[in-house]
>>> print(open('entry26.txt').read())   # compact mmCIF, C-alpha atoms
# COMPACT_ATOMS: atom_id res chain seq x y z
CA ARG A 1 0.00 0.00 0.00
CA ALA A 2 2.95 2.28 0.48
CA SER A 3 3.47 2.37 -3.32
CA ALA A 4 -0.14 3.23 -4.15
CA GLY A 5 0.51 6.96 -3.87
CA PRO A 6 3.08 7.16 -6.68
CA ARG A 7 0.87 4.98 -8.91
CA VAL A 8 -2.09 7.29 -8.34
CA ALA A 9 0.12 10.30 -8.99
CA ARG A 10 1.36 8.81 -12.26
CA ALA A 11 -2.20 7.97 -13.33
CA ALA A 12 -3.35 11.50 -12.53
CA SER A 13 -0.43 12.89 -14.53
CA THR A 14 -1.28 10.65 -17.50
CA ASN A 15 -4.95 11.65 -17.37
CA ALA A 16 -3.97 15.32 -17.30
CA ALA A 17 -1.80 14.80 -20.40
CA VAL A 18 -4.68 13.06 -22.17
CA ASP A 19 -7.05 15.91 -21.24
CA ALA A 20 -4.52 18.46 -22.51
CA ASP A 21 -4.19 16.60 -25.82
CA ALA A 22 -7.98 16.52 -26.14
CA ASP A 23 -8.04 20.33 -26.21
CA ARG A 24 -5.34 20.66 -28.86
CA LYS A 25 -6.23 21.21 -32.51
CA VAL A 26 -5.15 18.28 -34.67
CA VAL A 27 -3.27 19.11 -37.87
CA VAL A 28 -2.63 16.41 -40.48
CA ILE A 29 0.13 17.08 -43.03
CA THR A 30 0.76 14.62 -45.86
CA GLY A 31 4.34 14.19 -47.07
CA ALA A 32 5.58 15.85 -43.88
CA ASN A 33 8.98 14.19 -43.64
CA THR A 34 10.69 16.44 -46.18
CA GLY A 35 10.56 19.79 -47.95
CA LEU A 36 7.66 22.16 -47.43
CA GLY A 37 5.75 19.55 -45.44
CA LYS A 38 8.51 19.22 -42.90
CA ILE A 39 8.89 22.99 -42.56
CA SER A 40 5.12 23.25 -42.09
CA ALA A 41 5.19 20.58 -39.39
CA THR A 42 8.06 22.37 -37.66
CA GLU A 43 6.53 25.83 -37.66
CA ILE A 44 3.06 24.67 -36.62
CA SER A 45 4.56 22.52 -33.83
CA ARG A 46 6.02 25.67 -32.25
CA ASP A 47 2.48 26.45 -31.10
CA PRO A 48 1.61 23.96 -28.32
CA SER A 49 -2.11 24.38 -29.01
CA TYR A 50 -1.64 22.28 -32.15
CA ARG A 51 -1.01 18.55 -32.30
CA VAL A 52 0.68 17.73 -35.61
CA VAL A 53 0.30 14.37 -37.32
CA MET A 54 2.93 13.69 -39.96
CA ALA A 55 1.43 11.38 -42.59
CA CYS A 56 4.40 9.70 -44.29
CA ARG A 57 4.88 6.64 -46.47
CA ASP A 58 8.20 5.66 -44.86
CA ARG A 59 8.21 5.06 -41.08
CA ALA A 60 11.96 5.52 -40.59
CA ARG A 61 12.04 8.81 -42.50
CA GLY A 62 8.93 9.99 -40.72
CA ASP A 63 10.39 9.22 -37.29
CA LYS A 64 13.67 10.95 -38.20
CA ALA A 65 11.77 14.04 -39.34
CA ALA A 66 9.65 14.01 -36.17
CA ASP A 67 12.84 13.87 -34.08
CA ASP A 68 14.16 16.88 -36.01
CA VAL A 69 10.94 18.80 -35.36
CA ALA A 70 11.09 17.90 -31.66
CA ALA A 71 14.69 19.12 -31.43
CA ALA A 72 13.71 22.43 -33.03
CA THR A 73 10.45 23.05 -31.17
CA GLY A 74 10.28 20.88 -28.05
CA ASN A 75 7.11 19.28 -29.40
CA ARG A 76 7.33 15.93 -31.19
CA PRO A 77 4.67 15.36 -33.86
CA ASP A 78 2.96 12.01 -34.18
CA VAL A 79 3.86 9.90 -37.21
CA MET A 80 1.38 7.76 -39.12
CA LEU A 81 1.96 5.69 -42.25
CA LEU A 82 0.21 6.86 -45.40
CA ASP A 83 1.00 5.92 -49.00
CA LEU A 84 -1.10 8.04 -51.33
CA ALA A 85 -0.21 5.70 -54.21
CA SER A 86 -2.39 3.03 -52.56
CA LEU A 87 -6.11 3.56 -51.96
CA ARG A 88 -6.04 0.76 -49.39
CA SER A 89 -3.30 2.60 -47.49
CA VAL A 90 -5.42 5.76 -47.58
CA GLU A 91 -8.37 3.83 -46.15
CA ASP A 92 -6.22 2.19 -43.45
CA PHE A 93 -4.83 5.59 -42.45
CA ALA A 94 -8.31 7.10 -42.14
CA ARG A 95 -9.53 4.24 -39.94
CA ARG A 96 -6.49 4.41 -37.65
CA PHE A 97 -6.75 8.19 -37.46
CA GLU A 98 -10.42 8.08 -36.48
CA ASP A 99 -9.72 5.51 -33.77
CA THR A 100 -6.82 7.56 -32.37
CA TYR A 101 -7.90 11.19 -32.66
CA GLY A 102 -11.57 11.47 -33.58
CA ARG A 103 -11.14 15.01 -34.84
CA CYS A 104 -9.20 16.83 -37.55
CA ASP A 105 -9.05 20.60 -37.32
CA ARG A 106 -6.64 21.13 -40.22
CA LEU A 107 -5.83 18.94 -43.22
CA MET A 108 -2.87 19.97 -45.37
CA ASN A 109 -2.75 17.94 -48.59
CA ASN A 110 0.92 18.65 -49.20
CA ALA A 111 2.49 15.49 -50.66
CA GLY A 112 3.17 15.26 -54.36
CA VAL A 113 5.37 14.02 -57.17
CA MET A 114 6.48 16.15 -60.11
CA ALA A 115 7.14 15.35 -63.76
CA LEU A 116 8.27 11.75 -63.43
CA PRO A 117 10.32 11.14 -66.62
CA LYS A 118 8.62 7.83 -67.38
CA ARG A 119 4.98 6.93 -66.96
CA THR A 120 4.34 4.58 -64.05
CA VAL A 121 1.17 3.47 -62.30
CA THR A 122 0.11 3.02 -58.70
CA VAL A 123 -0.90 -0.32 -57.19
CA ASP A 124 -4.46 0.59 -58.22
CA GLY A 125 -3.45 1.11 -61.86
CA LEU A 126 -3.69 4.90 -61.78
CA GLU A 127 -1.00 7.01 -63.43
CA THR A 128 1.33 7.85 -60.54
CA GLN A 129 1.28 11.65 -60.67
CA MET A 130 -2.50 11.81 -60.92
CA GLY A 131 -2.84 8.97 -58.42
CA VAL A 132 -0.75 10.68 -55.73
CA ASN A 133 -1.36 14.36 -56.42
CA HIS A 134 -5.11 14.17 -56.96
CA PHE A 135 -6.89 10.83 -56.51
CA GLY A 136 -5.10 9.89 -53.28
CA HIS A 137 -5.83 13.25 -51.66
CA PHE A 138 -9.39 13.27 -53.00
CA HIS A 139 -10.11 9.95 -51.32
CA LEU A 140 -8.22 10.93 -48.16
CA THR A 141 -10.24 14.12 -47.76
CA ASN A 142 -13.45 12.17 -48.35
CA LEU A 143 -12.57 9.72 -45.57
CA MET A 144 -11.38 12.46 -43.21
CA MET A 145 -14.57 14.53 -43.53
CA PRO A 146 -16.33 12.95 -40.51
CA ALA A 147 -13.33 13.81 -38.32
CA ILE A 148 -13.14 17.29 -39.85
CA LEU A 149 -16.82 17.95 -39.21
CA ALA A 150 -16.45 16.60 -35.65
CA ALA A 151 -13.84 19.22 -34.72
CA PRO A 152 -15.18 22.32 -32.94
CA GLY A 153 -14.91 25.77 -34.47
CA ARG A 154 -13.77 26.55 -38.00
CA LYS A 155 -11.85 23.87 -39.85
CA ARG A 156 -9.49 24.23 -42.80
CA ILE A 157 -8.37 22.11 -45.75
CA VAL A 158 -5.32 23.23 -47.73
CA ASN A 159 -4.54 21.72 -51.14
CA LEU A 160 -1.10 22.27 -52.68
CA SER A 161 -1.47 23.25 -56.30
CA SER A 162 1.05 25.01 -58.55
CA VAL A 163 1.38 27.64 -61.24
CA ALA A 164 1.94 24.57 -63.45
CA HIS A 165 -1.85 24.22 -63.53
CA GLU A 166 -1.73 26.89 -66.23
CA PHE A 167 -0.42 24.40 -68.78
CA GLY A 168 -2.78 21.71 -67.57
CA HIS A 169 -5.76 20.87 -69.74
CA PRO A 170 -8.80 18.78 -68.80
CA ASP A 171 -8.61 15.58 -70.84
CA PHE A 172 -11.50 13.40 -69.79
CA ASP A 173 -10.80 10.95 -72.58
CA ASN A 174 -7.39 10.15 -71.15
CA TYR A 175 -6.95 11.26 -67.56
CA ASN A 176 -4.73 8.21 -67.00
CA SER A 177 -2.23 9.46 -69.62
CA THR A 178 -2.17 6.28 -71.68
CA GLY A 179 -1.07 5.74 -75.29
CA ALA A 180 1.73 7.13 -77.41
CA LEU A 181 0.68 10.74 -76.87
CA GLY A 182 -0.69 10.33 -73.35
CA TYR A 183 2.53 11.03 -71.48
CA VAL A 184 4.61 13.55 -73.36
CA GLY A 185 6.95 16.37 -72.37
CA SER A 186 8.81 14.17 -69.86
CA GLY A 187 5.72 14.09 -67.68
CA TRP A 188 5.28 17.84 -67.46
CA LEU A 189 1.91 17.98 -69.22
CA THR A 190 0.56 15.31 -66.91
CA TYR A 191 1.95 17.18 -63.89
CA GLY A 192 0.15 20.33 -65.04
CA LYS A 193 -3.02 18.28 -65.38
CA THR A 194 -2.72 17.10 -61.76
CA LYS A 195 -2.25 20.65 -60.52
CA LEU A 196 -5.34 21.75 -62.46
CA ALA A 197 -7.16 18.83 -60.83
CA ASN A 198 -6.12 20.19 -57.42
CA LEU A 199 -7.87 23.46 -58.27
CA TYR A 200 -10.97 21.76 -59.65
CA PHE A 201 -11.15 19.77 -56.42
CA THR A 202 -10.69 22.87 -54.24
CA TYR A 203 -13.33 24.92 -56.00
CA GLU A 204 -15.83 22.05 -56.28
CA LEU A 205 -15.40 21.00 -52.65
CA HIS A 206 -15.99 24.61 -51.56
CA ARG A 207 -19.21 24.73 -53.60
CA ARG A 208 -20.46 21.41 -52.25
CA LEU A 209 -19.70 22.36 -48.67
CA ARG A 210 -21.59 25.63 -48.93
CA ASN A 211 -24.48 24.19 -50.98
CA GLY A 212 -24.78 21.47 -48.35
CA GLY A 213 -25.03 24.00 -45.53
CA VAL A 214 -21.51 23.39 -44.18
CA LEU A 215 -20.35 26.91 -43.37
CA ASP A 216 -17.52 26.19 -40.92
CA VAL A 217 -15.13 24.25 -43.17
CA ASP A 218 -12.88 26.32 -45.43
CA VAL A 219 -10.83 24.96 -48.33
CA ASN A 220 -8.18 26.79 -50.34
CA ALA A 221 -5.44 25.93 -52.82
CA VAL A 222 -1.88 27.25 -52.52
CA HIS A 223 0.86 27.75 -55.09
CA PRO A 224 4.06 27.78 -53.00
CA GLY A 225 6.21 29.41 -55.65
CA ILE A 226 9.18 27.95 -57.52
CA VAL A 227 10.98 26.57 -54.50
CA ASP A 228 14.50 25.26 -54.06
CA THR A 229 13.56 21.82 -52.64
CA ASP A 230 14.25 18.21 -53.61
CA LEU A 231 10.93 17.92 -55.46
CA PRO A 232 12.69 18.05 -58.87
CA ARG A 233 14.82 15.02 -57.91
CA SER A 234 13.15 12.89 -60.59
CA LEU A 235 13.28 15.36 -63.48
CA ALA A 236 14.73 14.03 -66.74
CA LEU A 237 16.00 17.55 -67.41
CA ASN A 238 16.66 19.38 -64.15
CA PHE A 239 16.64 23.10 -64.92
CA TYR A 240 16.51 24.09 -61.24
CA PRO A 241 20.29 24.71 -60.99
CA LEU A 242 19.95 27.29 -63.78
CA LEU A 243 17.04 28.95 -61.99
CA ARG A 244 19.03 28.95 -58.76
CA ARG A 245 21.99 30.72 -60.38
CA ALA A 246 19.63 33.23 -61.99
CA GLY A 247 17.96 33.99 -58.66
CA GLY A 248 14.68 32.52 -59.89
CA LEU A 249 14.05 30.26 -56.92
CA ILE A 250 12.75 31.06 -53.48
CA THR A 251 13.88 29.36 -50.28
CA PRO A 252 11.91 26.48 -48.76
CA ALA A 253 11.11 28.69 -45.76
CA GLN A 254 9.65 31.33 -48.06
CA GLY A 255 7.72 28.72 -50.03
CA ALA A 256 6.18 27.12 -46.95
CA THR A 257 4.84 30.44 -45.64
CA GLY A 258 1.71 30.34 -47.78
CA GLN A 259 0.50 26.89 -46.83
CA ILE A 260 1.32 27.44 -43.15
CA ASP A 261 -0.68 30.67 -43.08
CA ALA A 262 -3.54 29.11 -45.03
CA CYS A 263 -3.56 26.29 -42.50
CA VAL A 264 -3.29 28.15 -39.19
CA GLY A 265 -2.81 31.88 -39.85
CA GLU A 266 -5.35 34.49 -38.80
CA THR A 267 -5.21 36.15 -42.24
CA TRP A 268 -7.15 33.32 -43.85
CA GLU A 269 -9.80 32.81 -41.15
CA GLY A 270 -13.14 32.45 -42.93
CA VAL A 271 -11.61 32.57 -46.43
CA SER A 272 -12.60 29.69 -48.70
CA GLY A 273 -12.65 28.63 -52.33
CA LYS A 274 -9.57 30.67 -53.24
CA TYR A 275 -6.24 30.21 -55.01
CA VAL A 276 -3.44 31.67 -52.87
CA ALA A 277 -0.27 32.17 -54.89
CA GLU A 278 3.30 33.23 -54.16
CA GLN A 279 3.93 36.53 -55.92
CA SER A 280 7.49 36.39 -57.28
CA GLY A 281 6.80 34.28 -60.35
CA PRO A 282 4.06 34.01 -62.99
CA ARG A 283 0.96 36.02 -62.11
CA GLY A 284 3.03 37.83 -59.53
CA SER A 285 5.64 40.57 -59.56
CA GLU A 286 8.94 40.21 -61.36
CA VAL A 287 11.76 38.39 -59.63
CA GLY A 288 14.61 40.61 -58.53
CA PRO A 289 15.26 43.56 -56.23
CA GLY A 290 11.97 44.75 -54.88
CA GLY A 291 10.21 41.56 -55.94
CA LYS A 292 7.71 39.91 -53.66
CA LYS A 293 9.44 36.66 -52.83
CA GLY A 294 7.61 34.73 -50.15
CA VAL A 295 4.54 36.98 -50.30
CA PHE A 296 1.19 35.25 -50.86
CA LYS A 297 -2.07 36.71 -52.09
CA VAL A 298 -5.41 35.53 -53.42
CA THR A 299 -4.76 35.31 -57.15
CA GLU A 300 -6.77 34.55 -60.28
CA SER A 301 -6.07 31.03 -61.56
CA SER A 302 -6.31 29.95 -65.21
CA ARG A 303 -9.58 30.30 -67.11
CA TYR A 304 -9.85 26.50 -67.39
CA SER A 305 -9.79 26.18 -63.60
CA TYR A 306 -13.11 28.03 -63.24
CA ASP A 307 -15.00 25.60 -65.50
CA GLN A 308 -17.65 24.34 -63.06
CA GLU A 309 -18.91 21.69 -65.46
CA ALA A 310 -15.40 20.23 -65.78
CA ALA A 311 -14.89 20.35 -62.00
CA ALA A 312 -18.16 18.52 -61.38
CA ARG A 313 -17.21 15.97 -64.02
CA LEU A 314 -13.83 15.37 -62.41
CA TRP A 315 -15.57 14.93 -59.05
CA LYS A 316 -17.76 12.22 -60.56
CA VAL A 317 -14.78 10.54 -62.26
CA SER A 318 -12.77 10.67 -59.04
CA LYS A 319 -15.57 9.05 -57.06
CA ALA A 320 -15.86 6.26 -59.61
CA LEU A 321 -12.13 5.55 -59.71
CA THR A 322 -11.46 5.72 -55.96
CA GLY A 323 -14.70 4.41 -54.48
CA ALA A 324 -15.11 7.64 -52.50
CA GLY A 325 -18.69 8.12 -51.37
CA TRP A 326 -18.59 11.55 -49.69
CA GLU A 327 -21.35 10.35 -47.39
CA ALA A 328 -20.42 13.09 -44.91
CA LEU A 329 -21.72 15.60 -47.47
CA GLY A 330 -24.91 13.64 -48.06
CA GLU A 331 -23.69 11.93 -51.22
CA GLY A 332 -23.12 8.22 -51.86
CA LYS A 333 -20.88 5.88 -53.75
CA VAL A 334 -21.25 5.40 -57.47
CA GLU A 335 -20.41 2.23 -59.35
CA LYS A 336 -16.64 1.89 -59.28
CA ALA A 337 -15.09 2.25 -62.71
CA SER A 338 -12.13 0.42 -64.16
CA VAL A 339 -9.03 2.50 -64.84
CA ALA A 340 -8.80 0.72 -68.17
CA VAL A 341 -11.75 2.61 -69.65
CA SER A 342 -10.66 5.03 -72.36
CA SER A 343 -13.45 7.55 -71.88
CA TRP A 344 -14.61 8.57 -68.43
CA MET A 345 -18.19 9.79 -68.30
>>> encode(input="entry26.txt", output="structure tokens")
Amino acid sequence: RASAGPRVARAASTNAAVDADADRKVVVITGANTGLGKISATEISRDPSYRVVMACRDRARGDKAADDVAAATGNRPDVMLLDLASLRSVEDFARRFEDTYGRCDRLMNNAGVMALPKRTVTVDGLETQMGVNHFGHFHLTNLMMPAILAAPGRKRIVNLSSVAHEFGHPDFDNYNSTGALGYVGSGWLTYGKTKLANLYFTYELHRRLRNGGVLDVDVNAVHPGIVDTDLPRSLALNFYPLLRRAGGLITPAQGATGQIDACVGETWEGVSGKYVAEQSGPRGSEVGPGGKKGVFKVTESSRYSYDQEAAARLWKVSKALTGAGWEALGEGKVEKASVAVSSWM
């Protein structure tokens, strides 16, 4: 009986920690073990009112990144496995997340691949860039909606797009980039298509939220700028060194500013359905002395991106190819389509 006191004290301490965690806002960041995702996890973790979950496809790299964040901030993010190239992995992540946290106050769809030199497919048969950059995040957001809606106060979803959406074109006859002309330009045209899809998804989700009476969930897309990260590691022709020497790149810290602010900053409270772009490149001010590197503003996206009929069509296609039901928005599953079909609805 003499040892009961310390046990009670430890239990009380544990319960207090659990209660404290229950009051913290939960932030999920995909691809958080490197680049802009890691910087976002680091900066948001400096605020103890947020509990960051790093969604990574490699456990060892995720744990190493979490250790780095803890060393920099004193707060260690949680790490959960998520492979956006596998719809089953997305579903497993969502189930484990719901069981562990029950709420999601912020979802940052950050992970992505860029201009893979050769066409590859995911385990589900989807072209890899479209599978990771769009379909994986589309299905993830669908499955996370109950946890998002369960969180108190205003919630936010941030989708990483790119100025590359401007050379994207909606091709509903070949969204899987098949055939001799389906994957040209060393993957760049397909990459642009995925970034346009990110905008379609952002704008369409905003409309469906508001039309469904959901007024406390905001969703925006961010172009981080042309950033000096390891994202171009797979490029067949890496022109980033030339841009670096010409002063045409911004630092990772500058590039991450937009998505961090869109996720947790006061500036974007209540703002939804917008494209927030870094201002030193296209559709911004000129690079150079006096340029606006690392400055983000609501910006007009390409004319194609505002095509509501195309956005609604992509939503339908995405549901059919991923099995996403969007039941949380009062929708339901449609018959799942084969990725082999040449024309999608």
>>> closest_atom_pairs(input="entry26.txt", of="stretch 104-210 of chain A", to="stretch 34-37 of chain A", cutoff="9 Å", atoms="all atoms listed in the file", output="JSON lines")
{"residue": "A:Met108", "atom": "CA", "partner": "A:Gly37", "partner_atom": "CA", "distance": 8.6}
{"residue": "A:Asn110", "atom": "CA", "partner": "A:Gly37", "partner_atom": "CA", "distance": 6.2}
{"residue": "A:Ala111", "atom": "CA", "partner": "A:Gly37", "partner_atom": "CA", "distance": 7.4}
>>> residues_around(input="entry26.txt", residues="A:Leu126", least_positions_apart="5", cutoff="12 Å", atoms="only C-alpha atoms", output="short mmCIF file (atom, residue, chain, number, x, y, z; two decimals) with C-alpha atoms, in the frame of the given file")
data_model
loop_
_atom_site.label_atom_id
_atom_site.label_comp_id
_atom_site.auth_asym_id
_atom_site.auth_seq_id
_atom_site.Cartn_x
_atom_site.Cartn_y
_atom_site.Cartn_z
CA LEU A 84 -1.10 8.04 -51.33
CA ALA A 85 -0.21 5.70 -54.21
CA SER A 86 -2.39 3.03 -52.56
CA LEU A 87 -6.11 3.56 -51.96
CA ARG A 119 4.98 6.93 -66.96
CA THR A 120 4.34 4.58 -64.05
CA VAL A 121 1.17 3.47 -62.30
CA GLY A 131 -2.84 8.97 -58.42
CA VAL A 132 -0.75 10.68 -55.73
CA ASN A 133 -1.36 14.36 -56.42
CA HIS A 134 -5.11 14.17 -56.96
CA PHE A 135 -6.89 10.83 -56.51
CA GLY A 136 -5.10 9.89 -53.28
CA ASN A 174 -7.39 10.15 -71.15
CA TYR A 175 -6.95 11.26 -67.56
CA ASN A 176 -4.73 8.21 -67.00
CA SER A 177 -2.23 9.46 -69.62
CA THR A 178 -2.17 6.28 -71.68
CA SER A 318 -12.77 10.67 -59.04
CA LEU A 321 -12.13 5.55 -59.71
CA THR A 322 -11.46 5.72 -55.96
CA ALA A 337 -15.09 2.25 -62.71
CA SER A 338 -12.13 0.42 -64.16
CA VAL A 339 -9.03 2.50 -64.84
CA ALA A 340 -8.80 0.72 -68.17
CA VAL A 341 -11.75 2.61 -69.65
#
>>> atom_distance(input="entry26.txt", atom1="atom CA of A:Arg156", atom2="atom CA of A:Gly330")
19.4 Å
>>> atom_distance(input="entry26.txt", atom1="atom CA of A:Asp67", atom2="atom CA of A:Lys38")
11.2 Å
>>> closest_residue(input="entry26.txt", among="A:Ala72, A:Val163, A:Ala311, A:Val184", to="A:Lys118", atoms="only C-alpha atoms")
A:Val184
>>> closest_atom_pairs(input="entry26.txt", of="stretch 12-102 of chain A", to="stretch 157-161 of chain A", cutoff="12 Å", atoms="only C-alpha atoms", output="tab-separated table")
residue	atom	partner	partner_atom	distance
A:Val27	CA	A:Ile157	CA	9.9
A:Val28	CA	A:Ile157	CA	9.7
A:Ile29	CA	A:Val158	CA	9.5
A:Thr30	CA	A:Asn159	CA	10.3
A:Gly31	CA	A:Leu160	CA	11.2
A:Leu36	CA	A:Leu160	CA	10.2
A:Gly37	CA	A:Leu160	CA	10.3
A:Ser40	CA	A:Val158	CA	11.9
>>> residues_around(input="entry26.txt", residues="A:Ala55", least_positions_apart="2", cutoff="9 Å", atoms="all atoms listed in the file", output="tab-separated table (two decimals) with C-alpha atoms, keeping the file's coordinate frame")
chain	number	residue	atom	x	y	z
A	28	VAL	CA	-2.63	16.41	-40.48
A	29	ILE	CA	0.13	17.08	-43.03
A	30	THR	CA	0.76	14.62	-45.86
A	31	GLY	CA	4.34	14.19	-47.07
A	32	ALA	CA	5.58	15.85	-43.88
A	33	ASN	CA	8.98	14.19	-43.64
A	53	VAL	CA	0.30	14.37	-37.32
A	57	ARG	CA	4.88	6.64	-46.47
A	62	GLY	CA	8.93	9.99	-40.72
A	78	ASP	CA	2.96	12.01	-34.18
A	79	VAL	CA	3.86	9.90	-37.21
A	80	MET	CA	1.38	7.76	-39.12
A	81	LEU	CA	1.96	5.69	-42.25
A	82	LEU	CA	0.21	6.86	-45.40
A	83	ASP	CA	1.00	5.92	-49.00
A	93	PHE	CA	-4.83	5.59	-42.45
>>> closest_atom_pairs(input="entry26.txt", of="stretch 74-160 of chain A", to="stretch 208-215 of chain A", cutoff="10 Å", atoms="all atoms listed in the file", output="tab-separated table")
residue	atom	partner	partner_atom	distance
A:Leu149	CA	A:Val214	CA	8.7
A:Arg154	CA	A:Leu215	CA	8.5
A:Lys155	CA	A:Leu215	CA	9.7
>>> atom_distance(input="entry26.txt", atom1="atom CA of A:Glu98", atom2="atom CA of A:Met144")
8.1 Å
>>> residues_near_point(input="entry26.txt", point="(1.5, 23.4, -70.3)", cutoff="7 Å", atoms="only C-alpha atoms", output="VMD selection string")
chain A and resid 164 166 to 168 189 192
>>> residues_near_point(input="entry26.txt", point="(-8.4, 32.5, -37.9)", cutoff="12 Å", atoms="only C-alpha atoms", output="number ranges by chain")
A: 105-106, 153-156, 216-218, 261-272
>>> closest_residue(input="entry26.txt", among="A:Ala115, A:Ala221, A:Ala277, A:Ala70", to="A:Asn198", atoms="only C-alpha atoms")
A:Ala221
>>> residues_around(input="entry26.txt", residues="A:Cys104", least_positions_apart="6", cutoff="7 Å", atoms="only C-alpha atoms", output="PyMOL selection string")
chain A and resi 26-27+147-148+151
>>> decode(input="entry26.txt", residues="stretch 254-280 of chain A", atoms="C-alpha atoms", output="short mmCIF file (atom, residue, chain, number, x, y, z; two decimals), in the first residue's frame")
data_model
loop_
_atom_site.label_atom_id
_atom_site.label_comp_id
_atom_site.auth_asym_id
_atom_site.auth_seq_id
_atom_site.Cartn_x
_atom_site.Cartn_y
_atom_site.Cartn_z
CA GLN A 254 9.65 31.33 -48.06
CA GLY A 255 7.72 28.72 -50.03
CA ALA A 256 6.18 27.12 -46.95
CA THR A 257 4.84 30.44 -45.64
CA GLY A 258 1.71 30.34 -47.78
CA GLN A 259 0.50 26.89 -46.83
CA ILE A 260 1.32 27.44 -43.15
CA ASP A 261 -0.68 30.67 -43.08
CA ALA A 262 -3.54 29.11 -45.03
CA CYS A 263 -3.56 26.29 -42.50
CA VAL A 264 -3.29 28.15 -39.19
CA GLY A 265 -2.81 31.88 -39.85
CA GLU A 266 -5.35 34.49 -38.80
CA THR A 267 -5.21 36.15 -42.24
CA TRP A 268 -7.15 33.32 -43.85
CA GLU A 269 -9.80 32.81 -41.15
CA GLY A 270 -13.14 32.45 -42.93
CA VAL A 271 -11.61 32.57 -46.43
CA SER A 272 -12.60 29.69 -48.70
CA GLY A 273 -12.65 28.63 -52.33
CA LYS A 274 -9.57 30.67 -53.24
CA TYR A 275 -6.24 30.21 -55.01
CA VAL A 276 -3.44 31.67 -52.87
CA ALA A 277 -0.27 32.17 -54.89
CA GLU A 278 3.30 33.23 -54.16
CA GLN A 279 3.93 36.53 -55.92
CA SER A 280 7.49 36.39 -57.28
#
